[in-house]
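A.B. asks: Supplied structure: entry-v4.cif, mmCIF, C-alpha atoms.
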data_data
#
loop_
_atom_site.group_PDB
_atom_site.id
_atom_site.type_symbol
_atom_site.label_atom_id
_atom_site.label_comp_id
_atom_site.auth_asym_id
_atom_site.auth_seq_id
_atom_site.Cartn_x
_atom_site.Cartn_y
_atom_site.Cartn_z
ATOM 1 C CA MET N 1 -21.573 7.269 -30.612
ATOM 2 C CA HIS N 2 -18.871 5.569 -28.559
ATOM 3 C CA ASP N 3 -18.686 1.808 -28.403
ATOM 4 C CA GLU N 4 -19.035 1.684 -24.653
ATOM 5 C CA ILE N 5 -19.587 -2.073 -24.560
ATOM 6 C CA ALA N 6 -16.202 -2.550 -26.265
ATOM 7 C CA TRP N 7 -14.617 -0.269 -23.653
ATOM 8 C CA VAL N 8 -16.089 -2.352 -20.828
ATOM 9 C CA ARG N 9 -14.815 -5.551 -22.494
ATOM 10 C CA GLN N 10 -11.338 -3.990 -22.719
ATOM 11 C CA VAL N 11 -11.522 -2.832 -19.092
ATOM 12 C CA ALA N 12 -12.357 -6.432 -18.139
ATOM 13 C CA GLN N 13 -9.026 -7.412 -19.761
ATOM 14 C CA GLY N 14 -7.241 -4.817 -17.615
ATOM 15 C CA ASP N 15 -6.867 -2.162 -20.356
ATOM 16 C CA GLU N 16 -6.111 1.116 -18.573
ATOM 17 C CA ARG N 17 -6.622 3.262 -21.691
ATOM 18 C CA ALA N 18 -10.143 1.926 -22.087
ATOM 19 C CA PHE N 19 -10.696 2.636 -18.391
ATOM 20 C CA GLU N 20 -9.545 6.224 -18.918
ATOM 21 C CA ARG N 21 -11.982 6.643 -21.831
ATOM 22 C CA LEU N 22 -14.812 5.233 -19.727
ATOM 23 C CA PHE N 23 -13.851 7.451 -16.790
ATOM 24 C CA ARG N 24 -13.727 10.650 -18.860
ATOM 25 C CA CYS N 25 -17.036 9.799 -20.489
ATOM 26 C CA TYR N 26 -18.885 8.884 -17.276
ATOM 27 C CA ALA N 27 -17.313 10.885 -14.421
ATOM 28 C CA PRO N 28 -19.294 14.097 -15.120
ATOM 29 C CA ARG N 29 -22.509 12.104 -15.344
ATOM 30 C CA ILE N 30 -21.835 10.132 -12.155
ATOM 31 C CA LEU N 31 -20.881 13.336 -10.347
ATOM 32 C CA ARG N 32 -24.174 14.946 -11.325
ATOM 33 C CA PHE N 33 -26.052 11.764 -10.459
ATOM 34 C CA ALA N 34 -24.384 11.551 -7.017
ATOM 35 C CA MET N 35 -25.138 15.221 -6.365
ATOM 36 C CA SER N 36 -28.840 14.472 -6.729
ATOM 37 C CA TYR N 37 -28.548 12.039 -3.798
ATOM 38 C CA LEU N 38 -25.994 13.859 -1.639
ATOM 39 C CA ASN N 39 -26.015 17.531 -2.686
ATOM 40 C CA ASP N 40 -22.404 17.764 -1.552
ATOM 41 C CA PRO N 41 -19.528 18.036 -4.086
ATOM 42 C CA ALA N 42 -16.904 16.424 -1.825
ATOM 43 C CA HIS N 43 -19.038 13.354 -1.130
ATOM 44 C CA ALA N 44 -20.213 13.194 -4.742
ATOM 45 C CA GLU N 45 -16.550 12.994 -5.856
ATOM 46 C CA GLU N 46 -16.046 10.090 -3.451
ATOM 47 C CA VAL N 47 -18.985 8.329 -5.116
ATOM 48 C CA VAL N 48 -17.404 8.851 -8.565
ATOM 49 C CA GLN N 49 -14.173 7.293 -7.334
ATOM 50 C CA GLU N 50 -15.853 4.332 -5.616
ATOM 51 C CA THR N 51 -18.110 3.711 -8.623
ATOM 52 C CA MET N 52 -15.270 3.710 -11.137
ATOM 53 C CA ILE N 53 -13.170 1.406 -8.948
ATOM 54 C CA ALA N 54 -16.153 -0.970 -8.762
ATOM 55 C CA VAL N 55 -16.444 -0.758 -12.588
ATOM 56 C CA TRP N 56 -12.742 -1.656 -12.900
ATOM 57 C CA LYS N 57 -13.137 -4.616 -10.562
ATOM 58 C CA SER N 58 -16.448 -5.954 -11.874
ATOM 59 C CA ALA N 59 -16.186 -5.250 -15.635
ATOM 60 C CA LYS N 60 -15.996 -9.020 -16.214
ATOM 61 C CA GLU N 61 -19.417 -9.422 -14.626
ATOM 62 C CA TYR N 62 -21.120 -6.880 -16.897
ATOM 63 C CA LYS N 63 -24.021 -8.508 -18.734
ATOM 64 C CA GLU N 64 -24.390 -7.002 -22.156
ATOM 65 C CA GLN N 65 -28.196 -7.186 -22.099
ATOM 66 C CA SER N 66 -28.324 -3.931 -20.123
ATOM 67 C CA GLN N 67 -26.994 -0.554 -21.278
ATOM 68 C CA VAL N 68 -23.554 0.419 -19.997
ATOM 69 C CA SER N 69 -25.048 3.658 -18.647
ATOM 70 C CA THR N 70 -27.696 1.958 -16.508
ATOM 71 C CA TRP N 71 -25.147 -0.613 -15.272
ATOM 72 C CA ILE N 72 -22.767 2.155 -14.172
ATOM 73 C CA LEU N 73 -25.502 4.364 -12.720
ATOM 74 C CA GLY N 74 -26.876 1.332 -10.848
ATOM 75 C CA ILE N 75 -23.474 0.937 -9.187
ATOM 76 C CA ALA N 76 -23.339 4.696 -8.532
ATOM 77 C CA ARG N 77 -26.762 4.554 -6.886
ATOM 78 C CA ASN N 78 -25.592 1.896 -4.420
ATOM 79 C CA LYS N 79 -22.428 3.875 -3.661
ATOM 80 C CA ALA N 80 -24.436 7.089 -3.178
ATOM 81 C CA LEU N 81 -26.888 5.351 -0.829
ATOM 82 C CA ASP N 82 -23.948 3.863 1.144
ATOM 83 C CA CYS N 83 -22.420 7.321 1.367
ATOM 84 C CA ALA N 84 -25.724 8.881 2.488
ATOM 85 C CA ARG N 85 -26.083 6.212 5.204
ATOM 86 C CA ALA N 86 -22.491 6.773 6.346
ATOM 87 C CA ARG N 87 -23.116 10.544 6.501
ATOM 88 C CA GLN N 88 -26.085 9.947 8.780
ATOM 89 C CA ARG N 89 -23.823 7.997 11.131
ATOM 90 C CA GLU N 90 -21.207 10.777 11.109
ATOM 91 C CA PRO N 91 -21.046 12.931 14.203
ATOM 92 C CA GLU N 92 -22.681 16.336 13.684
ATOM 93 C CA PHE N 93 -19.430 18.307 14.067
ATOM 94 C CA LEU N 94 -17.769 16.265 11.300
ATOM 95 C CA ARG N 95 -20.702 16.771 8.971
ATOM 96 C CA GLU N 96 -20.491 20.545 9.477
ATOM 97 C CA LYS N 97 -16.781 20.479 8.758
ATOM 98 C CA LEU N 98 -17.291 18.631 5.487
ATOM 99 C CA ASP N 99 -20.053 21.007 4.462
ATOM 100 C CA ARG N 100 -17.799 23.979 5.207
ATOM 101 C CA ARG N 101 -15.035 22.404 3.130
ATOM 102 C CA ALA N 102 -17.477 22.071 0.219
ATOM 103 C CA SER N 103 -18.612 25.692 0.635
ATOM 104 C CA ALA N 104 -15.039 26.934 0.676
ATOM 105 C CA ARG N 105 -14.500 25.394 -2.756
ATOM 106 C CA ALA N 106 -17.712 26.780 -4.221
ATOM 107 C CA THR N 107 -17.571 29.391 -6.947
ATOM 108 C CA PRO N 108 -19.633 32.597 -6.696
ATOM 109 C CA GLU N 109 -22.118 31.074 -9.131
ATOM 110 C CA GLN N 110 -22.519 28.055 -6.880
ATOM 111 C CA ILE N 111 -23.081 30.251 -3.855
ATOM 112 C CA ALA N 112 -25.581 32.397 -5.736
ATOM 113 C CA GLN N 113 -27.611 29.309 -6.586
ATOM 114 C CA ARG N 114 -28.034 28.454 -2.955
ATOM 115 C CA ASP N 115 -30.686 31.052 -2.432
ATOM 116 C CA SER N 116 -33.710 30.773 -0.289
ATOM 117 C CA GLN N 117 -35.865 29.383 -3.094
ATOM 118 C CA ALA N 118 -33.533 26.430 -3.561
ATOM 119 C CA GLU N 119 -33.694 25.836 0.169
ATOM 120 C CA ARG N 120 -37.496 25.837 0.141
ATOM 121 C CA VAL N 121 -37.601 23.426 -2.808
ATOM 122 C CA ARG N 122 -35.145 21.138 -1.032
ATOM 123 C CA SER N 123 -37.285 21.196 2.039
ATOM 124 C CA ALA N 124 -40.388 20.312 -0.042
ATOM 125 C CA LEU N 125 -38.487 17.427 -1.677
ATOM 126 C CA GLU N 126 -37.454 16.215 1.770
ATOM 127 C CA LYS N 127 -41.104 15.854 2.669
ATOM 128 C CA LEU N 128 -41.663 13.290 -0.107
ATOM 129 C CA SER N 129 -41.129 9.597 0.612
ATOM 130 C CA PRO N 130 -37.596 8.385 -0.287
ATOM 131 C CA GLU N 131 -39.007 6.449 -3.283
ATOM 132 C CA HIS N 132 -40.879 9.484 -4.619
ATOM 133 C CA ARG N 133 -37.959 11.844 -4.033
ATOM 134 C CA GLU N 134 -35.603 9.453 -5.815
ATOM 135 C CA VAL N 135 -37.708 9.150 -8.979
ATOM 136 C CA MET N 136 -38.231 12.917 -9.111
ATOM 137 C CA MET N 137 -34.467 13.493 -8.995
ATOM 138 C CA LEU N 138 -33.779 10.758 -11.551
ATOM 139 C CA ALA N 139 -36.437 12.044 -13.958
ATOM 140 C CA PHE N 140 -36.081 15.814 -13.623
ATOM 141 C CA TYR N 141 -32.540 16.388 -12.450
ATOM 142 C CA ASN N 142 -30.728 13.499 -14.164
ATOM 143 C CA GLU N 143 -33.136 13.491 -17.134
ATOM 144 C CA LEU N 144 -33.304 9.723 -17.407
ATOM 145 C CA SER N 145 -36.017 7.894 -19.332
ATOM 146 C CA TYR N 146 -38.546 5.735 -17.490
ATOM 147 C CA SER N 147 -36.937 2.582 -18.874
ATOM 148 C CA GLU N 148 -33.470 3.664 -17.666
ATOM 149 C CA ILE N 149 -34.873 4.428 -14.202
ATOM 150 C CA ALA N 150 -36.660 1.065 -14.122
ATOM 151 C CA GLN N 151 -33.356 -0.688 -14.888
ATOM 152 C CA ILE N 152 -31.441 1.288 -12.263
ATOM 153 C CA LEU N 153 -34.081 0.715 -9.568
ATOM 154 C CA ASN N 154 -34.756 -2.821 -10.769
ATOM 155 C CA CYS N 155 -38.524 -2.348 -10.849
ATOM 156 C CA PRO N 156 -41.236 -2.386 -13.566
ATOM 157 C CA GLU N 157 -41.555 0.630 -15.871
ATOM 158 C CA GLY N 158 -45.190 1.050 -14.809
ATOM 159 C CA THR N 159 -44.052 1.507 -11.203
ATOM 160 C CA VAL N 160 -41.648 4.275 -12.250
ATOM 161 C CA LYS N 161 -44.352 6.073 -14.245
ATOM 162 C CA SER N 162 -46.921 5.941 -11.459
ATOM 163 C CA ARG N 163 -44.360 6.980 -8.805
ATOM 164 C CA VAL N 164 -43.418 10.064 -10.829
ATOM 165 C CA TYR N 165 -47.058 10.874 -11.453
ATOM 166 C CA TYR N 166 -47.989 10.777 -7.746
ATOM 167 C CA ALA N 167 -44.738 12.379 -6.578
ATOM 168 C CA LYS N 168 -45.352 15.294 -8.949
ATOM 169 C CA GLU N 169 -48.873 15.805 -7.564
ATOM 170 C CA GLN N 170 -47.544 15.789 -4.005
ATOM 171 C CA LEU N 171 -44.634 18.105 -4.787
ATOM 172 C CA LYS N 172 -46.905 20.501 -6.643
ATOM 173 C CA LYS N 173 -49.146 20.700 -3.564
ATOM 174 C CA LEU N 174 -46.165 21.347 -1.264
ATOM 175 C CA LEU N 175 -44.645 23.969 -3.566
ATOM 176 C CA SER N 176 -47.990 25.728 -4.057
ATOM 177 C CA GLU N 177 -48.427 25.960 -0.281
ATOM 178 C CA GLY N 178 -44.969 27.542 -0.041
ATOM 179 C CA GLY N 179 -45.782 29.968 -2.883
ATOM 180 C CA GLU N 180 -43.127 28.510 -5.213
ATOM 181 C CA MET N 181 -45.632 27.509 -7.875
ATOM 182 C CA LEU N 182 -48.433 29.435 -9.510
ATOM 183 C CA MET X 1 -61.174 21.932 -25.585
ATOM 184 C CA ARG X 2 -61.645 19.563 -22.646
ATOM 185 C CA LEU X 3 -60.817 15.982 -23.578
ATOM 186 C CA ARG X 4 -60.843 12.799 -21.642
ATOM 187 C CA CYS X 5 -57.149 11.991 -21.195
ATOM 188 C CA SER X 6 -56.067 8.413 -20.816
ATOM 189 C CA GLN X 7 -53.938 7.505 -17.798
ATOM 190 C CA GLU X 8 -51.334 6.206 -20.256
ATOM 191 C CA LEU X 9 -51.035 9.603 -21.950
ATOM 192 C CA ARG X 10 -50.918 11.580 -18.715
ATOM 193 C CA GLU X 11 -48.186 9.280 -17.375
ATOM 194 C CA LEU X 12 -46.085 10.073 -20.446
ATOM 195 C CA LEU X 13 -46.105 13.838 -19.843
ATOM 196 C CA PRO X 14 -43.181 13.911 -17.331
ATOM 197 C CA TRP X 15 -41.066 12.074 -19.888
ATOM 198 C CA TYR X 16 -42.133 14.490 -22.600
ATOM 199 C CA ALA X 17 -40.982 17.282 -20.268
ATOM 200 C CA ASN X 18 -37.572 15.667 -19.788
ATOM 201 C CA ASN X 19 -37.172 14.844 -23.516
ATOM 202 C CA THR X 20 -36.691 11.120 -23.159
ATOM 203 C CA LEU X 21 -39.673 9.711 -25.058
ATOM 204 C CA THR X 22 -39.288 7.624 -28.190
ATOM 205 C CA GLU X 23 -40.266 9.283 -31.480
ATOM 206 C CA GLU X 24 -43.514 7.327 -31.555
ATOM 207 C CA GLU X 25 -44.505 8.232 -27.986
ATOM 208 C CA ARG X 26 -43.529 11.846 -28.562
ATOM 209 C CA ALA X 27 -45.744 12.095 -31.643
ATOM 210 C CA LYS X 28 -48.658 10.577 -29.713
ATOM 211 C CA VAL X 29 -48.263 13.053 -26.842
ATOM 212 C CA GLU X 30 -47.900 16.036 -29.185
ATOM 213 C CA ALA X 31 -51.033 15.053 -31.109
ATOM 214 C CA HIS X 32 -52.940 14.931 -27.839
ATOM 215 C CA LEU X 33 -51.416 18.151 -26.446
ATOM 216 C CA ALA X 34 -52.537 20.074 -29.515
ATOM 217 C CA ARG X 35 -56.146 19.417 -28.510
ATOM 218 C CA CYS X 36 -56.069 19.221 -24.713
ATOM 219 C CA GLU X 37 -55.788 22.302 -22.508
ATOM 220 C CA ARG X 38 -55.690 20.265 -19.329
ATOM 221 C CA CYS X 39 -52.577 18.408 -20.447
ATOM 222 C CA GLN X 40 -50.992 21.646 -21.692
ATOM 223 C CA GLN X 41 -51.426 23.053 -18.167
ATOM 224 C CA GLU X 42 -50.039 19.805 -16.705
ATOM 225 C CA LEU X 43 -46.985 20.134 -18.967
ATOM 226 C CA ARG X 44 -46.407 23.761 -17.859
ATOM 227 C CA GLU X 45 -46.474 22.577 -14.239
ATOM 228 C CA LEU X 46 -44.087 19.726 -14.973
ATOM 229 C CA ARG X 47 -41.623 22.096 -16.647
ATOM 230 C CA GLN X 48 -41.816 24.461 -13.684
ATOM 231 C CA ILE X 49 -41.253 21.570 -11.264
ATOM 232 C CA LYS X 50 -38.312 20.390 -13.355
ATOM 233 C CA GLU X 51 -36.682 23.835 -13.111
ATOM 234 C CA LEU X 52 -37.229 23.940 -9.354
ATOM 235 C CA VAL X 53 -35.839 20.423 -8.863
ATOM 236 C CA VAL X 54 -32.695 21.394 -10.807
ATOM 237 C CA LEU X 55 -32.402 24.563 -8.719
ATOM 238 C CA SER X 56 -32.580 22.534 -5.488
ATOM 239 C CA VAL X 57 -29.213 20.864 -6.183
ATOM 240 C CA LYS X 58 -25.982 22.780 -5.743
ATOM 241 C CA SER X 59 -24.170 23.413 -9.021
ATOM 242 C CA VAL X 60 -21.938 20.545 -9.998
ATOM 243 C CA PRO X 61 -18.246 21.174 -10.623
ATOM 244 C CA GLU X 62 -16.399 19.388 -13.436
ATOM 245 C CA PRO X 63 -14.595 16.272 -12.205
ATOM 246 C CA SER X 64 -11.018 17.298 -11.476
ATOM 247 C CA GLU X 65 -7.919 15.813 -13.111
ATOM 248 C CA GLU X 66 -6.810 14.925 -9.592
ATOM 249 C CA LEU X 67 -9.932 12.784 -9.154
ATOM 250 C CA PHE X 68 -8.961 10.825 -12.240
ATOM 251 C CA SER X 69 -5.347 10.331 -11.052
ATOM 252 C CA ARG X 70 -6.516 9.295 -7.575
ATOM 253 C CA THR X 71 -8.931 6.742 -9.019
ATOM 254 C CA VAL X 72 -6.387 5.256 -11.427
ATOM 255 C CA GLU X 73 -3.828 5.040 -8.617
ATOM 256 C CA ARG X 74 -6.308 3.120 -6.490
ATOM 257 C CA THR X 75 -7.231 0.705 -9.289
ATOM 258 C CA ARG X 76 -3.509 0.035 -9.881
ATOM 259 C CA SER X 77 -2.738 -0.586 -6.231
ATOM 260 C CA GLN X 78 -5.784 -2.843 -5.932
ATOM 261 C CA GLY X 79 -4.771 -4.777 -9.059
ATOM 262 C CA ARG X 80 -1.259 -5.325 -7.713
ATOM 263 C CA HIS X 81 -2.654 -6.213 -4.337
ATOM 264 C CA THR X 82 -4.975 -8.816 -5.830
ATOM 265 C CA ILE X 83 -2.239 -10.527 -7.867
ATOM 266 C CA ALA X 84 0.187 -10.452 -4.934
ATOM 267 C CA GLN X 85 -2.488 -11.805 -2.613
ATOM 268 C CA LEU X 86 -3.414 -14.567 -5.053
ATOM 269 C CA SER X 87 0.213 -15.675 -5.490
ATOM 270 C CA TRP X 88 0.711 -15.749 -1.750
ATOM 271 C CA GLN X 89 -2.509 -17.704 -1.227
ATOM 272 C CA ILE X 90 -1.552 -20.339 -3.836
ATOM 273 C CA PHE X 91 1.899 -20.679 -2.271
ATOM 274 C CA ALA X 92 0.450 -20.956 1.262
ATOM 275 C CA LEU X 93 -2.106 -23.573 0.160
ATOM 276 C CA GLY X 94 0.511 -25.690 -1.624
ATOM 277 C CA PHE X 95 2.905 -25.454 1.297
ATOM 278 C CA SER X 96 0.237 -26.427 3.851
ATOM 279 C CA LEU X 97 -0.901 -29.402 1.757
ATOM 280 C CA GLY X 98 2.700 -30.538 1.363
ATOM 281 C CA VAL X 99 3.352 -30.386 5.116
ATOM 282 C CA LEU X 100 0.093 -32.179 5.941
ATOM 283 C CA TYR X 101 0.806 -34.925 3.392
ATOM 284 C CA GLU X 102 4.302 -35.434 4.742
ATOM 285 C CA ARG X 103 2.938 -35.783 8.252
ATOM 286 C CA GLY X 104 0.340 -38.279 7.077
ATOM 287 C CA ARG X 105 -2.554 -35.970 8.026
ATOM 288 C CA VAL X 106 -3.836 -35.843 4.447
ATOM 289 C CA ARG X 107 -4.393 -39.024 2.455
ATOM 290 C CA LEU X 108 -4.549 -39.213 -1.313
ATOM 291 C CA GLU X 109 -7.635 -40.709 -2.896
ATOM 292 C CA PRO X 110 -7.583 -44.519 -2.344
ATOM 293 C CA GLU X 111 -7.563 -45.181 -6.123
ATOM 294 C CA ILE X 112 -4.481 -43.008 -6.632
ATOM 295 C CA GLU X 113 -2.799 -44.617 -3.671
ATOM 296 C CA ALA X 114 -3.646 -48.109 -4.947
ATOM 297 C CA PHE X 115 -2.276 -47.164 -8.360
ATOM 298 C CA GLY X 116 0.958 -46.048 -6.670
ATOM 299 C CA TRP X 117 1.261 -49.364 -4.824
ATOM 300 C CA GLU X 118 0.585 -51.283 -8.020
ATOM 301 C CA LEU X 119 3.377 -49.393 -9.829
ATOM 302 C CA LYS X 120 5.766 -50.107 -6.946
ATOM 303 C CA ARG X 121 4.833 -53.808 -6.964
ATOM 304 C CA ARG X 122 5.431 -54.116 -10.734
ATOM 305 C CA LYS X 123 8.803 -52.458 -10.434
ATOM 306 C CA GLY X 124 9.584 -55.109 -7.912
#
Could the structure of this file be written out as structure tokens, please?
C.D. replies:
Amino acid sequence: MHDEIAWVRQVAQGDERAFERLFRCYAPRILRFAMSYLNDPAHAEEVVQETMIAVWKSAKEYKEQSQVSTWILGIARNKALDCARARQREPEFLREKLDRRASARATPEQIAQRDSQAERVRSALEKLSPEHREVMMLAFYNELSYSEIAQILNCPEGTVKSRVYYAKEQLKKLLSEGGEML
Amino acid sequence: MRLRCSQELRELLPWYANNTLTEEERAKVEAHLARCERCQQELRELRQIKELVVLSVKSVPEPSEELFSRTVERTRSQGRHTIAQLSWQIFALGFSLGVLYERGRVRLEPEIEAFGWELKRRKG
């Protein structure tokens, strides 16, 4: 187990080696986390960069009562939401161009995954409320515990549990209608 | 067997499916699952939903080395920028205060000024 708190303390003192350790430890996780909000590798990489720069700048403000992971993922969530909002403001032609750029970099495995079933599941997830969609992605895609999600969303654990419970019921109904679930 | 499941237990099932429960919670859920068909079915559904949710997101590439270099470069330039900006701001503030004092636009605290006069008077 790494001493992540010590790394953050060192980063707060401007230690670049500690920053590198933190980056290498968290970048894959932030990238995956950002993908669950944006589903676009190019934008998700931007979120990793913005998050880690914010970590570098605000390491002194880190309160050691919370876990380093939930502190960093909390920052990543804000960056991902900013990025999603900015994408909505982008002109359509620019959005297409960025999507094409992401597709051009995709491996055959990545392309194979984008089959029609994935598209139908995405469309079912889109029909959930933003709060329900978010907890479903955090619980089932990012595999976070209810207490971690509660810290990231800054809400009670009971709220997280009941949101997942109701979101699952709704998603099950939508997926059953589309023939995705037995 | 059909059991009456508590809301608390049913709300723990998604977290059993994503393997994030504490040992104690896990044991409680497993003890219940062994006897409850309804919750076993619920768990099967949750696992299926989990697979579909994972499938809905494009596969994630490994963060590139270039991403790391780009990020470090930006933190360095921002660090330098901040120190340079701070030095310039301190210099500008000191300079402005000096000019204003010279022109009599800024007065020192009366006590300090009185102390200055007193020193001058004593020196004669």
A.B. asks: Within 8 Å of chain X, which residues of chain N show up when using all atoms listed in the file, listed as an MDAnalysis selection string?
C.D. replies: chainID N and resid 23 27:28 31:32 35:36 39:41 45 49 52:53 56 109:110 113:114 117:119 121:122 136:137 139:141 143:146 161:162 164:165 168 172 181
A.B. asks: Name all residues at most 12 Å from Ser129 in chain N (count only C-alpha atoms; drop same-chain ones fewer than 2 positions away) and give them as a ChimeraX atom specification.
C.D. replies: /N:124-127,131-136,163-164,166-168,170-171
A.B. asks: Could you please determine the separation between CA of Trp117 in chain X and CA of Ser96 in chain X in Å, to one decimal place?
C.D. replies: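 Taking CA of Trp117 in chain X and CA of Ser96 in chain X, their separation equals 24.5 Å.
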A.B. asks: How would you write, as a list in words, the residues chosen by the PyMOL selection byres ((chain X and resi 33) around 12) on this structure?
C.D. replies: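 Given this file, the PyMOL selection byres ((chain X and resi 33) around 12) evaluates to Met1, Arg2, Leu3, Arg4, Cys5, Leu9, Arg10, Leu12, Leu13, Tyr16, Arg26, Ala27, Lys28, Val29, Glu30, Ala31, His32, Ala34, Arg35, Cys36, Glu37, Arg38, Cys39, Gln40, Gln41, Glu42, Leu43 and Arg44 of chain X.
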A.B. asks: How would the residues just chosen look if you wrote them out with C-alpha atoms as a compact mmCIF listing (two decimals), in the frame of the given file?
C.D. replies:
# COMPACT_ATOMS: atom_id res chain seq x y z
CA MET X 1 -61.17 21.93 -25.58
CA ARG X 2 -61.64 19.56 -22.65
CA LEU X 3 -60.82 15.98 -23.58
CA ARG X 4 -60.84 12.80 -21.64
CA CYS X 5 -57.15 11.99 -21.20
CA LEU X 9 -51.04 9.60 -21.95
CA ARG X 10 -50.92 11.58 -18.72
CA LEU X 12 -46.08 10.07 -20.45
CA LEU X 13 -46.10 13.84 -19.84
CA TYR X 16 -42.13 14.49 -22.60
CA ARG X 26 -43.53 11.85 -28.56
CA ALA X 27 -45.74 12.10 -31.64
CA LYS X 28 -48.66 10.58 -29.71
CA VAL X 29 -48.26 13.05 -26.84
CA GLU X 30 -47.90 16.04 -29.18
CA ALA X 31 -51.03 15.05 -31.11
CA HIS X 32 -52.94 14.93 -27.84
CA ALA X 34 -52.54 20.07 -29.52
CA ARG X 35 -56.15 19.42 -28.51
CA CYS X 36 -56.07 19.22 -24.71
CA GLU X 37 -55.79 22.30 -22.51
CA ARG X 38 -55.69 20.26 -19.33
CA CYS X 39 -52.58 18.41 -20.45
CA GLN X 40 -50.99 21.65 -21.69
CA GLN X 41 -51.43 23.05 -18.17
CA GLU X 42 -50.04 19.80 -16.70
CA LEU X 43 -46.98 20.13 -18.97
CA ARG X 44 -46.41 23.76 -17.86
